>>> print(open('entry-v1.cif').read())   # mmCIF, C-alpha atoms
data_target
loop_
_atom_site.label_atom_id
_atom_site.label_comp_id
_atom_site.auth_asym_id
_atom_site.auth_seq_id
_atom_site.Cartn_x
_atom_site.Cartn_y
_atom_site.Cartn_z
CA MET A 6 78.34 159.74 106.24
CA GLU A 7 79.59 158.65 109.60
CA ILE A 8 81.14 155.50 111.02
CA PHE A 9 81.45 154.73 114.72
CA THR A 10 83.83 152.65 116.79
CA ILE A 11 83.30 151.26 120.27
CA GLY A 12 85.29 149.21 122.76
CA TYR A 13 83.44 147.28 125.45
CA GLU A 14 86.23 147.38 128.03
CA GLY A 15 84.71 148.38 131.36
CA LEU A 16 81.13 148.28 130.06
CA SER A 17 78.30 146.05 131.14
CA GLN A 18 76.24 144.61 128.32
CA ILE A 19 73.34 146.87 129.38
CA ASP A 20 75.48 150.02 129.15
CA PHE A 21 76.96 148.86 125.84
CA LEU A 22 73.45 148.45 124.40
CA LYS A 23 72.48 151.91 125.68
CA TYR A 24 75.34 153.44 123.70
CA LEU A 25 74.27 151.59 120.56
CA LYS A 26 70.72 152.83 120.99
CA HIS A 27 71.85 156.41 121.68
CA TYR A 28 73.94 156.49 118.49
CA LYS A 29 71.25 154.61 116.50
CA ILE A 30 73.68 151.84 115.52
CA ASN A 31 72.07 149.14 113.38
CA LEU A 32 75.13 147.07 112.54
CA ILE A 33 78.03 145.91 114.69
CA ALA A 34 81.14 145.01 112.71
CA ASP A 35 83.21 142.95 115.12
CA VAL A 36 86.87 143.36 114.13
CA ARG A 37 88.30 140.98 116.73
CA HIS A 38 90.40 138.12 115.36
CA LEU A 39 89.01 135.92 118.12
CA PRO A 40 85.45 137.04 118.85
CA LEU A 41 85.52 135.50 122.31
CA SER A 42 85.42 137.25 125.64
CA ARG A 43 85.70 136.35 129.28
CA LYS A 44 83.22 139.14 129.81
CA LYS A 45 79.67 137.78 129.84
CA GLY A 46 77.65 138.68 126.77
CA PHE A 47 80.49 139.77 124.50
CA SER A 48 81.41 136.49 122.80
CA LYS A 49 80.26 136.13 119.20
CA SER A 50 77.22 133.86 119.66
CA SER A 51 75.70 135.54 122.70
CA LEU A 52 76.41 139.02 121.33
CA ASP A 53 74.83 138.13 117.98
CA GLU A 54 71.74 136.79 119.73
CA THR A 55 71.39 139.84 121.98
CA LEU A 56 71.86 142.28 119.11
CA ASN A 57 69.42 140.47 116.84
CA LYS A 58 66.71 140.80 119.52
CA ARG A 59 67.24 144.57 119.23
CA ASN A 60 67.24 144.62 115.41
CA ILE A 61 70.98 145.25 115.26
CA GLU A 62 72.87 143.19 112.73
CA TYR A 63 76.12 141.49 113.74
CA ILE A 64 78.94 140.63 111.35
CA ASN A 65 82.31 139.29 112.44
CA TYR A 66 85.24 140.50 110.33
CA ARG A 67 87.78 138.15 111.81
CA GLY A 68 90.14 138.93 108.94
CA LEU A 69 90.45 142.51 110.18
CA GLY A 70 91.58 141.36 113.60
CA THR A 71 95.16 141.42 114.77
CA SER A 72 97.15 138.22 114.73
CA LYS A 73 98.24 136.51 117.92
CA GLN A 74 101.83 137.31 117.01
CA MET A 75 101.05 141.04 116.75
CA ARG A 76 99.10 141.04 120.03
CA ASN A 77 101.92 139.21 121.81
CA MET A 78 104.47 141.67 120.43
CA LEU A 79 102.42 144.59 121.75
CA ILE A 80 101.99 142.95 125.16
CA SER A 81 105.71 142.27 125.49
CA THR A 82 106.96 145.63 124.20
CA GLY A 83 104.13 148.10 124.81
CA ASP A 84 105.26 149.70 121.54
CA TYR A 85 102.04 151.01 119.97
CA LYS A 86 103.87 152.83 117.16
CA THR A 87 105.39 149.60 115.84
CA PHE A 88 102.12 147.74 116.42
CA PHE A 89 100.13 150.22 114.34
CA ASN A 90 102.78 150.38 111.61
CA GLU A 91 102.73 146.59 111.29
CA TYR A 92 98.94 146.48 111.30
CA LYS A 93 98.77 149.15 108.58
CA LYS A 94 100.99 146.93 106.41
CA GLU A 95 98.84 143.90 107.17
CA ILE A 96 95.52 145.61 106.45
CA ARG A 97 96.55 146.45 102.89
CA CYS A 98 95.90 142.78 102.07
CA LYS A 99 92.37 142.98 103.46
CA SER A 100 90.79 145.40 101.01
CA GLU A 101 87.86 143.05 100.39
CA ASN A 102 86.69 143.45 104.00
CA ILE A 103 87.27 147.21 103.93
CA ASN A 104 85.35 147.53 100.65
CA ASP A 105 82.52 145.42 102.07
CA LEU A 106 82.20 147.67 105.11
CA TYR A 107 82.28 150.77 102.93
CA LYS A 108 79.51 149.39 100.71
CA ILE A 109 77.35 148.62 103.76
CA LEU A 110 77.95 152.16 105.00
CA VAL A 111 77.02 153.66 101.63
CA ASP A 112 73.84 151.55 101.68
CA GLY A 113 72.77 153.52 104.76
CA LYS A 114 73.69 151.33 107.71
CA ARG A 115 74.95 152.97 110.89
CA ILE A 116 78.01 150.86 111.61
CA ALA A 117 80.02 150.60 114.80
CA LEU A 118 83.36 148.82 114.62
CA LEU A 119 83.69 146.72 117.76
CA CYS A 120 86.75 145.61 119.68
CA TYR A 121 87.70 145.35 123.34
CA GLU A 122 89.89 148.36 124.11
CA ARG A 123 88.13 151.36 125.60
CA ASP A 124 90.54 153.86 124.04
CA ALA A 125 90.34 153.84 120.23
CA LYS A 126 93.86 155.32 120.09
CA LYS A 127 95.13 152.02 121.49
CA CYS A 128 93.05 149.82 119.21
CA HIS A 129 93.40 148.66 115.63
CA ARG A 130 89.73 149.56 114.97
CA SER A 131 90.87 153.16 114.51
CA VAL A 132 93.09 152.02 111.62
CA VAL A 133 90.16 150.11 110.11
CA ALA A 134 88.01 153.26 110.33
CA ASP A 135 90.79 155.31 108.70
CA GLU A 136 91.04 152.82 105.82
CA ILE A 137 87.29 153.05 105.21
CA LYS A 138 87.57 156.84 105.31
CA LYS A 139 90.16 156.70 102.50
CA LEU A 140 87.58 155.03 100.24
CA ASN A 141 85.24 157.93 100.89
CA GLY A 142 87.79 160.49 99.75
CA ASN A 143 88.34 161.44 103.38
CA GLY A 144 84.86 162.96 103.75
CA LEU A 145 83.70 160.26 106.14
CA LYS A 146 83.28 161.31 109.75
CA ILE A 147 84.70 158.89 112.33
CA THR A 148 83.15 158.97 115.79
CA HIS A 149 84.84 156.98 118.51
CA ILE A 150 82.16 156.31 121.11
CA LYS A 151 83.81 157.10 124.43
CA PRO A 152 82.06 155.40 127.32
CA ILE A 153 81.92 157.55 130.43
#
>>> encode(input="entry-v1.cif", output="structure tokens")
Amino acid sequence: MEIFTIGYEGLSQIDFLKYLKHYKINLIADVRHLPLSRKKGFSKSSLDETLNKRNIEYINYRGLGTSKQMRNMLISTGDYKTFFNEYKKEIRCKSENINDLYKILVDGKRIALLCYERDAKKCHRSVVADEIKKLNGNGLKITHIKPI
């Protein structure tokens, strides 16, 4: 099994959709706390509509997003180590969402975890993917789609 992650930073909606098609993604799991974007086409409603036209399911897992307090702390300090440590503590309380994503994956969906940041190493979606991998006994392959 394999799970994907993607950040739309720097991508047009057309290029974003090309990546989804290339990797045969059929479900986007949006892990943003606030699924809104100043970037046209990436807010929840318009993204859902666009994806549905392409037979890609959209689910928002707002509960897996990072709180405003955590985002503000990261912005003010730039301390990713503390940010990720705090998020790892927080995500332990969100096992229902993690289990749900794992079940969808086991059922055969090709899932891409979506957030904004281009670099998965600077995004909480990598932690979400790691938590899902733990449920799989660490046999799950994680592919971070890296836009060119």
>>> atom_distance(input="entry-v1.cif", atom1="CA of Asp35 in chain A", atom2="CA of Leu69 in chain A")
8.8 Å
>>> atom_distance(input="entry-v1.cif", atom1="CA of Lys139 in chain A", atom2="CA of Lys93 in chain A")
13.0 Å
>>> closest_residue(input="entry-v1.cif", among="A:Ile8, A:Leu145, A:Ile30, A:Val111", to="Arg59 in chain A", atoms="all atoms listed in the file")
A:Ile30
>>> residues_around(input="entry-v1.cif", residues="Glu62 in chain A", least_positions_apart="5", cutoff="7 Å", atoms="only C-alpha atoms", output="list in words")
Asn31, Leu32, Ile33, Leu56 and Asn57 of chain A
>>> residues_around(input="entry-v1.cif", residues="range 9-14 of chain A", least_positions_apart="2", cutoff="8 Å", atoms="all atoms listed in the file", output="ChimeraX atom specification")
/A:7,16-17,21,115-125,130-131,134,147-151
>>> write_last_selection(input="entry-v1.cif", atoms="C-alpha atoms", output="short mmCIF file (atom, residue, chain, number, x, y, z; two decimals), in the coordinates of the input")
data_model
loop_
_atom_site.label_atom_id
_atom_site.label_comp_id
_atom_site.auth_asym_id
_atom_site.auth_seq_id
_atom_site.Cartn_x
_atom_site.Cartn_y
_atom_site.Cartn_z
CA GLU A 7 79.59 158.65 109.60
CA LEU A 16 81.13 148.28 130.06
CA SER A 17 78.30 146.05 131.14
CA PHE A 21 76.96 148.86 125.84
CA ARG A 115 74.95 152.97 110.89
CA ILE A 116 78.01 150.86 111.61
CA ALA A 117 80.02 150.60 114.80
CA LEU A 118 83.36 148.82 114.62
CA LEU A 119 83.69 146.72 117.76
CA CYS A 120 86.75 145.61 119.68
CA TYR A 121 87.70 145.35 123.34
CA GLU A 122 89.89 148.36 124.11
CA ARG A 123 88.13 151.36 125.60
CA ASP A 124 90.54 153.86 124.04
CA ALA A 125 90.34 153.84 120.23
CA ARG A 130 89.73 149.56 114.97
CA SER A 131 90.87 153.16 114.51
CA ALA A 134 88.01 153.26 110.33
CA ILE A 147 84.70 158.89 112.33
CA THR A 148 83.15 158.97 115.79
CA HIS A 149 84.84 156.98 118.51
CA ILE A 150 82.16 156.31 121.11
CA LYS A 151 83.81 157.10 124.43
#
>>> atom_distance(input="entry-v1.cif", atom1="CA of Lys138 in chain A", atom2="CA of Met75 in chain A")
23.7 Å
>>> residues_around(input="entry-v1.cif", residues="Asn65 in chain A", least_positions_apart="4", cutoff="8 Å", atoms="all atoms listed in the file", output="mmCIF file with C-alpha atoms, in the frame of the given file")
data_model
loop_
_atom_site.group_PDB
_atom_site.id
_atom_site.type_symbol
_atom_site.label_atom_id
_atom_site.label_comp_id
_atom_site.auth_asym_id
_atom_site.auth_seq_id
_atom_site.Cartn_x
_atom_site.Cartn_y
_atom_site.Cartn_z
ATOM 1 C CA ALA A 34 81.140 145.010 112.710
ATOM 2 C CA ASP A 35 83.210 142.950 115.120
ATOM 3 C CA VAL A 36 86.870 143.360 114.130
ATOM 4 C CA ARG A 37 88.300 140.980 116.730
ATOM 5 C CA PRO A 40 85.450 137.040 118.850
ATOM 6 C CA LYS A 49 80.260 136.130 119.200
#
>>> closest_residue(input="entry-v1.cif", among="A:Cys128, A:Val133, A:Ile80, A:Leu140", to="Lys99 in chain A", atoms="all atoms listed in the file")
A:Val133
